$ cat input03.pdb   # PDB, C-alpha atoms, pLDDT in the B column
ATOM      1  CA  PHE A  19      42.352  -8.783  -9.395  1.00 45.00           C
ATOM      2  CA  GLU A  20      39.152  -6.862 -10.081  1.00 53.00           C
ATOM      3  CA  SER A  21      36.239  -8.392 -11.882  1.00 52.00           C
ATOM      4  CA  SER A  22      35.080  -6.783 -15.099  1.00 54.00           C
ATOM      5  CA  LEU A  23      31.502  -7.645 -14.031  1.00 57.00           C
ATOM      6  CA  LYS A  24      31.380  -4.860 -11.445  1.00 61.00           C
ATOM      7  CA  THR A  25      28.342  -2.659 -11.815  1.00 60.00           C
ATOM      8  CA  ALA A  26      28.100   1.023 -11.196  1.00 55.00           C
ATOM      9  CA  PRO A  27      26.656   2.034  -7.834  1.00 56.00           C
ATOM     10  CA  LYS A  28      22.932   2.734  -7.855  1.00 68.00           C
ATOM     11  CA  PHE A  29      20.900   5.204  -5.902  1.00 68.00           C
ATOM     12  CA  VAL A  30      17.597   3.930  -4.551  1.00 77.00           C
ATOM     13  CA  HIS A  31      14.828   5.619  -2.593  1.00 77.00           C
ATOM     14  CA  TRP A  32      11.319   5.124  -1.299  1.00 79.00           C
ATOM     15  CA  VAL A  33       8.735   6.386  -3.780  1.00 80.00           C
ATOM     16  CA  LYS A  34       5.434   8.091  -2.960  1.00 76.00           C
ATOM     17  CA  HIS A  35       2.403   6.297  -4.287  1.00 72.00           C
ATOM     18  CA  GLU A  36      -0.516   7.546  -6.338  1.00 73.00           C
ATOM     19  CA  LEU A  37      -3.514   9.503  -5.138  1.00 81.00           C
ATOM     20  CA  SER A  38      -6.065   7.412  -3.193  1.00 87.00           C
ATOM     21  CA  TRP A  39      -3.642   4.532  -2.626  1.00 91.00           C
ATOM     22  CA  SER A  40      -2.431   3.266   0.731  1.00 91.00           C
ATOM     23  CA  LYS A  41       1.128   1.965   0.915  1.00 91.00           C
ATOM     24  CA  LEU A  42       2.388  -0.838   3.172  1.00 93.00           C
ATOM     25  CA  ASN A  43       6.105  -1.502   3.639  1.00 92.00           C
ATOM     26  CA  PHE A  44       7.176  -4.521   5.705  1.00 91.00           C
ATOM     27  CA  ASP A  45      10.420  -6.163   6.774  1.00 89.00           C
ATOM     28  CA  GLY A  46      11.812  -8.854   9.044  1.00 86.00           C
ATOM     29  CA  SER A  47      15.163  -9.883  10.448  1.00 83.00           C
ATOM     30  CA  LYS A  48      16.871 -12.377  12.706  1.00 81.00           C
ATOM     31  CA  THR A  49      19.484 -11.743  15.388  1.00 80.00           C
ATOM     32  CA  THR A  50      22.559 -13.845  16.087  1.00 75.00           C
ATOM     33  CA  ASN A  51      20.654 -15.600  18.900  1.00 78.00           C
ATOM     34  CA  ASN A  52      17.984 -16.656  16.318  1.00 78.00           C
ATOM     35  CA  ARG A  53      15.183 -14.367  17.505  1.00 81.00           C
ATOM     36  CA  SER A  54      13.231 -12.927  14.606  1.00 84.00           C
ATOM     37  CA  ALA A  55      11.285  -9.671  14.499  1.00 85.00           C
ATOM     38  CA  ILE A  56       9.056  -7.903  11.996  1.00 85.00           C
ATOM     39  CA  GLY A  57       8.239  -4.275  11.300  1.00 87.00           C
ATOM     40  CA  TYR A  58       5.864  -2.389   9.061  1.00 89.00           C
ATOM     41  CA  VAL A  59       4.751   1.112   8.127  1.00 90.00           C
ATOM     42  CA  ILE A  60       1.500   2.156   6.468  1.00 90.00           C
ATOM     43  CA  ARG A  61       1.265   5.544   4.762  1.00 90.00           C
ATOM     44  CA  ASP A  62      -1.544   7.415   3.066  1.00 88.00           C
ATOM     45  CA  ASP A  63      -1.452   8.975  -0.401  1.00 85.00           C
ATOM     46  CA  LYS A  64       0.337  12.058   0.965  1.00 85.00           C
ATOM     47  CA  ALA A  65       3.130   9.863   2.448  1.00 85.00           C
ATOM     48  CA  LYS A  66       1.844  10.639   5.948  1.00 87.00           C
ATOM     49  CA  VAL A  67       2.334   7.751   8.366  1.00 89.00           C
ATOM     50  CA  SER A  68      -0.979   6.102   9.287  1.00 87.00           C
ATOM     51  CA  LEU A  69       0.494   3.336  11.414  1.00 87.00           C
ATOM     52  CA  LEU A  70       3.887   1.944  12.454  1.00 89.00           C
ATOM     53  CA  GLY A  71       4.281  -1.432  14.094  1.00 87.00           C
ATOM     54  CA  ALA A  72       6.823  -4.006  15.188  1.00 87.00           C
ATOM     55  CA  LYS A  73       7.078  -7.155  17.262  1.00 85.00           C
ATOM     56  CA  CYS A  74       9.374 -10.008  18.144  1.00 85.00           C
ATOM     57  CA  CYS A  75       8.278 -13.299  16.583  1.00 81.00           C
ATOM     58  CA  GLY A  76      10.417 -15.431  18.861  1.00 79.00           C
ATOM     59  CA  TYR A  77      12.464 -18.316  17.555  1.00 77.00           C
ATOM     60  CA  THR A  78      10.913 -18.723  14.130  1.00 77.00           C
ATOM     61  CA  PHE A  79      11.956 -18.255  10.533  1.00 80.00           C
ATOM     62  CA  VAL A  80      12.007 -14.650   9.341  1.00 82.00           C
ATOM     63  CA  LEU A  81      10.033 -15.740   6.279  1.00 86.00           C
ATOM     64  CA  VAL A  82       7.201 -17.044   8.492  1.00 87.00           C
ATOM     65  CA  GLY A  83       7.150 -13.847  10.557  1.00 83.00           C
ATOM     66  CA  GLU A  84       7.089 -11.640   7.478  1.00 87.00           C
ATOM     67  CA  ALA A  85       4.335 -13.699   5.840  1.00 90.00           C
ATOM     68  CA  LEU A  86       2.171 -13.582   8.984  1.00 85.00           C
ATOM     69  CA  THR A  87       2.713  -9.835   9.314  1.00 83.00           C
ATOM     70  CA  LEU A  88       1.793  -9.233   5.709  1.00 90.00           C
ATOM     71  CA  LYS A  89      -1.370 -11.311   6.107  1.00 90.00           C
ATOM     72  CA  GLU A  90      -2.357  -9.427   9.286  1.00 84.00           C
ATOM     73  CA  ARG A  91      -1.713  -6.003   7.771  1.00 87.00           C
ATOM     74  CA  ILE A  92      -3.601  -6.785   4.546  1.00 91.00           C
ATOM     75  CA  ARG A  93      -6.630  -7.851   6.600  1.00 88.00           C
ATOM     76  CA  ALA A  94      -6.379  -4.674   8.685  1.00 84.00           C
ATOM     77  CA  GLU A  95      -6.258  -2.506   5.543  1.00 88.00           C
ATOM     78  CA  LYS A  96      -9.282  -4.349   4.166  1.00 87.00           C
ATOM     79  CA  PHE A  97     -11.128  -3.845   7.470  1.00 83.00           C
ATOM     80  CA  LEU A  98     -10.365  -0.102   7.342  1.00 81.00           C
ATOM     81  CA  GLY A  99     -12.001   0.107   3.917  1.00 87.00           C
ATOM     82  CA  ILE A 100      -8.854   0.696   1.882  1.00 89.00           C
ATOM     83  CA  LYS A 101      -9.656   0.045  -1.791  1.00 92.00           C
ATOM     84  CA  LYS A 102      -6.229   0.417  -3.407  1.00 94.00           C
ATOM     85  CA  LEU A 103      -3.165  -1.044  -1.709  1.00 94.00           C
ATOM     86  CA  GLU A 104       0.478  -0.922  -2.720  1.00 93.00           C
ATOM     87  CA  ILE A 105       2.713  -3.413  -0.884  1.00 94.00           C
ATOM     88  CA  GLU A 106       6.508  -3.248  -0.821  1.00 93.00           C
ATOM     89  CA  GLY A 107       9.001  -5.546   0.843  1.00 92.00           C
ATOM     90  CA  ASP A 108      12.617  -6.545   0.441  1.00 91.00           C
ATOM     91  CA  ASN A 109      12.041 -10.306   0.802  1.00 90.00           C
ATOM     92  CA  LEU A 110      12.155 -11.382  -2.839  1.00 90.00           C
ATOM     93  CA  CYS A 111      11.190 -14.953  -1.982  1.00 88.00           C
ATOM     94  CA  LEU A 112       7.949 -13.886  -0.275  1.00 91.00           C
ATOM     95  CA  ILE A 113       7.053 -11.315  -2.947  1.00 93.00           C
ATOM     96  CA  ASN A 114       7.572 -13.833  -5.744  1.00 91.00           C
ATOM     97  CA  ALA A 115       5.625 -16.514  -3.887  1.00 90.00           C
ATOM     98  CA  ILE A 116       2.604 -14.211  -3.880  1.00 91.00           C
ATOM     99  CA  LYS A 117       3.030 -12.886  -7.418  1.00 88.00           C
ATOM    100  CA  PHE A 118       4.212 -15.934  -9.329  1.00 79.00           C
ATOM    101  CA  ASN A 119       3.121 -18.982  -7.325  1.00 71.00           C
ATOM    102  CA  TRP A 120       6.614 -20.042  -6.315  1.00 76.00           C
ATOM    103  CA  ARG A 121       6.657 -23.218  -4.277  1.00 75.00           C
ATOM    104  CA  LEU A 122       7.820 -22.499  -0.756  1.00 75.00           C
ATOM    105  CA  PRO A 123       8.177 -24.475   2.456  1.00 74.00           C
ATOM    106  CA  TRP A 124       4.880 -25.884   3.699  1.00 76.00           C
ATOM    107  CA  LYS A 125       5.221 -23.692   6.804  1.00 78.00           C
ATOM    108  CA  ILE A 126       4.035 -20.653   4.848  1.00 86.00           C
ATOM    109  CA  GLU A 127       2.045 -22.219   2.006  1.00 88.00           C
ATOM    110  CA  PHE A 128      -1.299 -21.709   3.789  1.00 91.00           C
ATOM    111  CA  ILE A 129      -0.340 -18.167   4.794  1.00 91.00           C
ATOM    112  CA  ILE A 130       0.468 -17.321   1.159  1.00 92.00           C
ATOM    113  CA  ASN A 131      -2.875 -18.766   0.033  1.00 92.00           C
ATOM    114  CA  ASP A 132      -4.691 -16.632   2.638  1.00 94.00           C
ATOM    115  CA  ILE A 133      -2.831 -13.518   1.451  1.00 94.00           C
ATOM    116  CA  LYS A 134      -3.795 -14.191  -2.173  1.00 93.00           C
ATOM    117  CA  CYS A 135      -7.460 -14.637  -1.205  1.00 95.00           C
ATOM    118  CA  ASP A 136      -7.474 -11.428   0.854  1.00 95.00           C
ATOM    119  CA  LEU A 137      -5.887  -9.420  -1.959  1.00 95.00           C
ATOM    120  CA  ARG A 138      -8.819 -10.305  -4.241  1.00 94.00           C
ATOM    121  CA  ASP A 139     -11.066  -8.122  -2.059  1.00 93.00           C
ATOM    122  CA  PHE A 140      -9.230  -4.921  -3.019  1.00 94.00           C
ATOM    123  CA  TYR A 141     -10.334  -2.821  -5.965  1.00 94.00           C
ATOM    124  CA  ASP A 142      -6.697  -2.749  -7.041  1.00 94.00           C
ATOM    125  CA  PHE A 143      -3.356  -3.749  -5.513  1.00 94.00           C
ATOM    126  CA  ARG A 144       0.328  -3.937  -6.378  1.00 93.00           C
ATOM    127  CA  ILE A 145       3.008  -5.970  -4.702  1.00 94.00           C
ATOM    128  CA  THR A 146       6.597  -5.055  -5.440  1.00 92.00           C
ATOM    129  CA  HIS A 147      10.073  -6.087  -4.395  1.00 92.00           C
ATOM    130  CA  ILE A 148      12.256  -3.173  -3.305  1.00 91.00           C
ATOM    131  CA  PHE A 149      15.840  -2.954  -2.134  1.00 89.00           C
ATOM    132  CA  LYS A 150      16.517  -2.838   1.608  1.00 87.00           C
ATOM    133  CA  GLU A 151      17.849   0.711   1.222  1.00 86.00           C
ATOM    134  CA  ALA A 152      14.381   1.865   0.094  1.00 87.00           C
ATOM    135  CA  ASN A 153      12.735   0.070   3.031  1.00 88.00           C
ATOM    136  CA  LYS A 154      14.555   1.850   5.869  1.00 88.00           C
ATOM    137  CA  VAL A 155      11.522   2.737   8.006  1.00 89.00           C
ATOM    138  CA  ALA A 156      10.179  -0.841   8.184  1.00 88.00           C
ATOM    139  CA  ASP A 157      13.741  -2.087   8.741  1.00 87.00           C
ATOM    140  CA  PHE A 158      14.218   0.373  11.605  1.00 86.00           C
ATOM    141  CA  MET A 159      10.919  -0.703  13.177  1.00 85.00           C
ATOM    142  CA  GLU A 160      11.757  -4.414  13.283  1.00 83.00           C
ATOM    143  CA  ASN A 161      15.219  -3.741  14.638  1.00 80.00           C
ATOM    144  CA  THR A 162      13.678  -2.012  17.674  1.00 79.00           C
ATOM    145  CA  ARG A 163      11.672  -5.065  18.744  1.00 77.00           C
ATOM    146  CA  HIS A 164      13.969  -8.101  18.881  1.00 74.00           C
ATOM    147  CA  ASN A 165      13.571  -8.289  22.653  1.00 74.00           C
ATOM    148  CA  SER A 166       9.937  -7.253  23.040  1.00 75.00           C
ATOM    149  CA  PRO A 167       7.318 -10.033  23.077  1.00 72.00           C
ATOM    150  CA  TYR A 168       4.446  -7.620  22.383  1.00 76.00           C
ATOM    151  CA  LEU A 169       3.220  -6.009  19.190  1.00 78.00           C
ATOM    152  CA  SER A 170       3.968  -2.299  19.432  1.00 81.00           C
ATOM    153  CA  ARG A 171       2.003   0.199  17.346  1.00 83.00           C
ATOM    154  CA  TRP A 172       2.456   3.930  16.863  1.00 83.00           C
ATOM    155  CA  PHE A 173       0.390   6.472  14.951  1.00 83.00           C
ATOM    156  CA  GLU A 174       3.335   8.802  14.701  1.00 84.00           C
ATOM    157  CA  SER A 175       7.091   8.495  14.920  1.00 84.00           C
ATOM    158  CA  PRO A 176       8.228   7.186  18.326  1.00 82.00           C
ATOM    159  CA  ASN A 177      11.601   8.962  18.236  1.00 85.00           C
ATOM    160  CA  ILE A 178      13.742  11.496  16.401  1.00 90.00           C
ATOM    161  CA  GLU A 179      15.754   8.923  14.436  1.00 89.00           C
ATOM    162  CA  MET A 180      12.555   7.433  13.018  1.00 86.00           C
ATOM    163  CA  SER A 181      11.265  10.933  12.191  1.00 89.00           C
ATOM    164  CA  HIS A 182      14.412  11.566  10.165  1.00 89.00           C
ATOM    165  CA  LEU A 183      13.959   8.346   8.182  1.00 89.00           C
ATOM    166  CA  ILE A 184      10.308   9.149   7.457  1.00 88.00           C
ATOM    167  CA  ARG A 185      11.179  12.689   6.373  1.00 87.00           C
ATOM    168  CA  ARG A 186      13.971  11.452   4.081  1.00 88.00           C
ATOM    169  CA  ASP A 187      11.438   9.162   2.390  1.00 87.00           C
ATOM    170  CA  GLU A 188       8.924  11.997   1.992  1.00 84.00           C
ATOM    171  CA  LEU A 189      11.603  14.142   0.348  1.00 83.00           C
ATOM    172  CA  GLY A 190      12.738  11.303  -1.922  1.00 81.00           C
ATOM    173  CA  TRP A 191      16.341  11.335  -0.723  1.00 82.00           C
ATOM    174  CA  ALA A 192      18.315   8.609  -2.422  1.00 77.00           C
ATOM    175  CA  VAL A 193      20.660   6.159  -0.722  1.00 73.00           C
ATOM    176  CA  LEU A 194      23.686   4.570  -2.392  1.00 65.00           C
ATOM    177  CA  ARG A 195      23.183   0.855  -2.978  1.00 63.00           C
TER     178      ARG A 195
END
$ encode --input "input03.pdb" --output "structure tokens"
Amino acid sequence: FESSLKTAPKFVHWVKHELSWSKLNFDGSKTTNNRSAIGYVIRDDKAKVSLLGAKCCGYTFVLVGEALTLKERIRAEKFLGIKKLEIEGDNLCLINAIKFNWRLPWKIEFIINDIKCDLRDFYDFRITHIFKEANKVADFMENTRHNSPYLSRWFESPNIEMSHLIRRDELGWAVLR
């Protein structure tokens, strides 16, 4: 029995941002042994990677790890003098908590408040929910660090597989959702 509510497949892709904007994509995940990790990628207005990073957050909630990463990266962008920041992530709960004042567990309430305060210092910013398929680079980054206790940063792609993902984004290649 097939449901009549089935929707047609959709194609999604990462989208370049406007001139003079910096773009931050972030993601987090948890393994079966309950270790969480986060990953992020920052790109300039030509879609060139400025910074890639990932780290294991230990035995904590993915939501906490993602919120802390977002806070850290926003402060770093502010420190670097970025005036216009576009933020994308696939954690709808976190995105909506920042945009619409959703009530969340007390464990991240103070982190969310810090993020909102830091965002006021930008000339302009956008924060958007995207599908996981359009967040492949950040997803790849966090999946490489579930067993590493240290924050790893790269200024260029650390391997060929990552280079392929970055290039696919630059070309706007769509992925079936």
$ residues_around --input "input03.pdb" --residues "A:His147" --least-positions-apart "5" --cutoff "6 Å" --atoms "only C-alpha atoms" --output "PyMOL selection string"
chain A and resi 106-108+110
$ resolve_selection --input "input03.pdb" --expression "the PyMOL selection byres ((chain A and resi 190) around 8)" --output "PyMOL selection string"
chain A and resi 31-33+186-189+191-192
$ resolve_selection --input "input03.pdb" --expression "the PyMOL selection byres ((chain A and resi 62) around 9)" --output "ChimeraX atom specification"
/A:35,37-41,60-61,63-68
$ residues_around --input "input03.pdb" --residues "A:Gly76" --least-positions-apart "2" --cutoff "7 Å" --atoms "all atoms listed in the file" --output "JSON, numbers by chain"
{"A": [53, 54, 74, 78]}
$ residues_around --input "input03.pdb" --residues "A:Gly83" --least-positions-apart "3" --cutoff "9 Å" --atoms "all atoms listed in the file" --output "list in words"
Gly46, Ser47, Ser54, Ala55, Ile56, Cys74, Cys75, Thr78, Phe79, Val80, Leu86, Thr87 and Leu88 of chain A
$ closest_residue --input "input03.pdb" --among "A:Glu174, A:Glu127, A:Glu104, A:Glu179" --to "A:Asp142" --atoms "all atoms listed in the file"
A:Glu104
$ residues_around --input "input03.pdb" --residues "A:Leu122" --least-positions-apart "5" --cutoff "12 Å" --atoms "all atoms listed in the file" --output "MDAnalysis selection string"
chainID A and resid 81:82 85 111:116 127:131
$ atom_distance --input "input03.pdb" --atom1 "atom CA of A:Leu70" --atom2 "atom CA of A:Ala156"
8.1 Å
$ resolve_selection --input "input03.pdb" --expression "the PyMOL selection byres ((chain A and resi 162-164) around 6)" --output "list of chain:residue names"
A:Ala55, A:Lys73, A:Cys74, A:Met159, A:Glu160, A:Asn161, A:Asn165, A:Ser166
$ atom_distance --input "input03.pdb" --atom1 "atom CA of A:Ala72" --atom2 "atom CA of A:Arg138"
25.7 Å
$ build_atoms --input "input03.pdb" --residues "stretch 131-142 of chain A" --atoms "all heavy atoms" --output "compact mmCIF listing (two decimals), in the frame of the given file"
# COMPACT_ATOMS: atom_id res chain seq x y z
N ASN A 131 -1.54 -18.59 0.62
CA ASN A 131 -2.88 -18.77 0.03
C ASN A 131 -3.88 -17.80 0.66
O ASN A 131 -4.73 -17.24 -0.05
CB ASN A 131 -3.34 -20.21 0.18
CG ASN A 131 -2.58 -21.14 -0.73
OD1 ASN A 131 -2.05 -20.74 -1.76
ND2 ASN A 131 -2.49 -22.41 -0.34
N ASP A 132 -3.81 -17.60 1.97
CA ASP A 132 -4.69 -16.63 2.64
C ASP A 132 -4.44 -15.22 2.12
O ASP A 132 -5.39 -14.46 1.88
CB ASP A 132 -4.48 -16.65 4.15
CG ASP A 132 -5.05 -17.88 4.82
OD1 ASP A 132 -5.84 -18.61 4.18
OD2 ASP A 132 -4.70 -18.12 6.00
N ILE A 133 -3.18 -14.84 1.96
CA ILE A 133 -2.83 -13.52 1.45
C ILE A 133 -3.42 -13.31 0.06
O ILE A 133 -4.04 -12.28 -0.23
CB ILE A 133 -1.30 -13.31 1.43
CG1 ILE A 133 -0.76 -13.19 2.86
CG2 ILE A 133 -0.91 -12.09 0.60
CD1 ILE A 133 0.75 -13.23 2.97
N LYS A 134 -3.26 -14.30 -0.81
CA LYS A 134 -3.80 -14.19 -2.17
C LYS A 134 -5.31 -14.03 -2.16
O LYS A 134 -5.86 -13.23 -2.92
CB LYS A 134 -3.40 -15.42 -2.98
CG LYS A 134 -1.93 -15.44 -3.35
CD LYS A 134 -1.61 -16.71 -4.13
CE LYS A 134 -0.15 -16.78 -4.49
NZ LYS A 134 0.18 -17.98 -5.26
N CYS A 135 -5.99 -14.76 -1.31
CA CYS A 135 -7.46 -14.64 -1.20
C CYS A 135 -7.85 -13.25 -0.71
O CYS A 135 -8.78 -12.64 -1.24
CB CYS A 135 -8.02 -15.71 -0.28
SG CYS A 135 -8.04 -17.35 -1.00
N ASP A 136 -7.16 -12.75 0.31
CA ASP A 136 -7.47 -11.43 0.85
C ASP A 136 -7.22 -10.32 -0.16
O ASP A 136 -7.97 -9.33 -0.19
CB ASP A 136 -6.67 -11.16 2.13
CG ASP A 136 -7.15 -12.00 3.30
OD1 ASP A 136 -8.32 -12.44 3.28
OD2 ASP A 136 -6.35 -12.21 4.24
N LEU A 137 -6.20 -10.46 -0.97
CA LEU A 137 -5.89 -9.42 -1.96
C LEU A 137 -6.98 -9.30 -3.02
O LEU A 137 -7.16 -8.23 -3.61
CB LEU A 137 -4.53 -9.69 -2.61
CG LEU A 137 -3.31 -9.40 -1.73
CD1 LEU A 137 -2.04 -9.87 -2.39
CD2 LEU A 137 -3.23 -7.91 -1.39
N ARG A 138 -7.72 -10.35 -3.25
CA ARG A 138 -8.82 -10.30 -4.24
C ARG A 138 -9.92 -9.34 -3.83
O ARG A 138 -10.70 -8.90 -4.67
CB ARG A 138 -9.42 -11.70 -4.43
CG ARG A 138 -8.50 -12.64 -5.13
CD ARG A 138 -9.22 -13.97 -5.40
NE ARG A 138 -8.24 -14.98 -5.69
CZ ARG A 138 -8.23 -16.18 -5.17
NH1 ARG A 138 -9.18 -16.56 -4.34
NH2 ARG A 138 -7.30 -17.05 -5.49
N ASP A 139 -10.01 -9.01 -2.55
CA ASP A 139 -11.07 -8.12 -2.06
C ASP A 139 -10.77 -6.64 -2.29
O ASP A 139 -11.64 -5.80 -2.06
CB ASP A 139 -11.30 -8.36 -0.56
CG ASP A 139 -11.89 -9.73 -0.29
OD1 ASP A 139 -12.56 -10.28 -1.19
OD2 ASP A 139 -11.68 -10.25 0.81
N PHE A 140 -9.57 -6.31 -2.74
CA PHE A 140 -9.23 -4.92 -3.02
C PHE A 140 -9.64 -4.56 -4.44
O PHE A 140 -9.61 -5.40 -5.34
CB PHE A 140 -7.72 -4.68 -2.83
CG PHE A 140 -7.29 -4.71 -1.40
CD1 PHE A 140 -6.91 -5.89 -0.79
CD2 PHE A 140 -7.29 -3.54 -0.65
CE1 PHE A 140 -6.53 -5.92 0.54
CE2 PHE A 140 -6.92 -3.56 0.69
CZ PHE A 140 -6.54 -4.74 1.28
N TYR A 141 -10.01 -3.30 -4.63
CA TYR A 141 -10.33 -2.82 -5.96
C TYR A 141 -9.11 -2.95 -6.86
O TYR A 141 -9.19 -3.36 -8.00
CB TYR A 141 -10.80 -1.36 -5.89
CG TYR A 141 -11.05 -0.74 -7.22
CD1 TYR A 141 -12.19 -1.04 -7.96
CD2 TYR A 141 -10.13 0.16 -7.76
CE1 TYR A 141 -12.40 -0.48 -9.19
CE2 TYR A 141 -10.34 0.74 -9.00
CZ TYR A 141 -11.48 0.42 -9.71
OH TYR A 141 -11.68 0.97 -10.94
N ASP A 142 -7.96 -2.62 -6.31
CA ASP A 142 -6.70 -2.75 -7.04
C ASP A 142 -5.57 -2.90 -6.02
O ASP A 142 -5.66 -2.39 -4.90
CB ASP A 142 -6.44 -1.52 -7.90
CG ASP A 142 -5.44 -1.79 -9.03
OD1 ASP A 142 -4.93 -2.92 -9.13
OD2 ASP A 142 -5.17 -0.86 -9.82
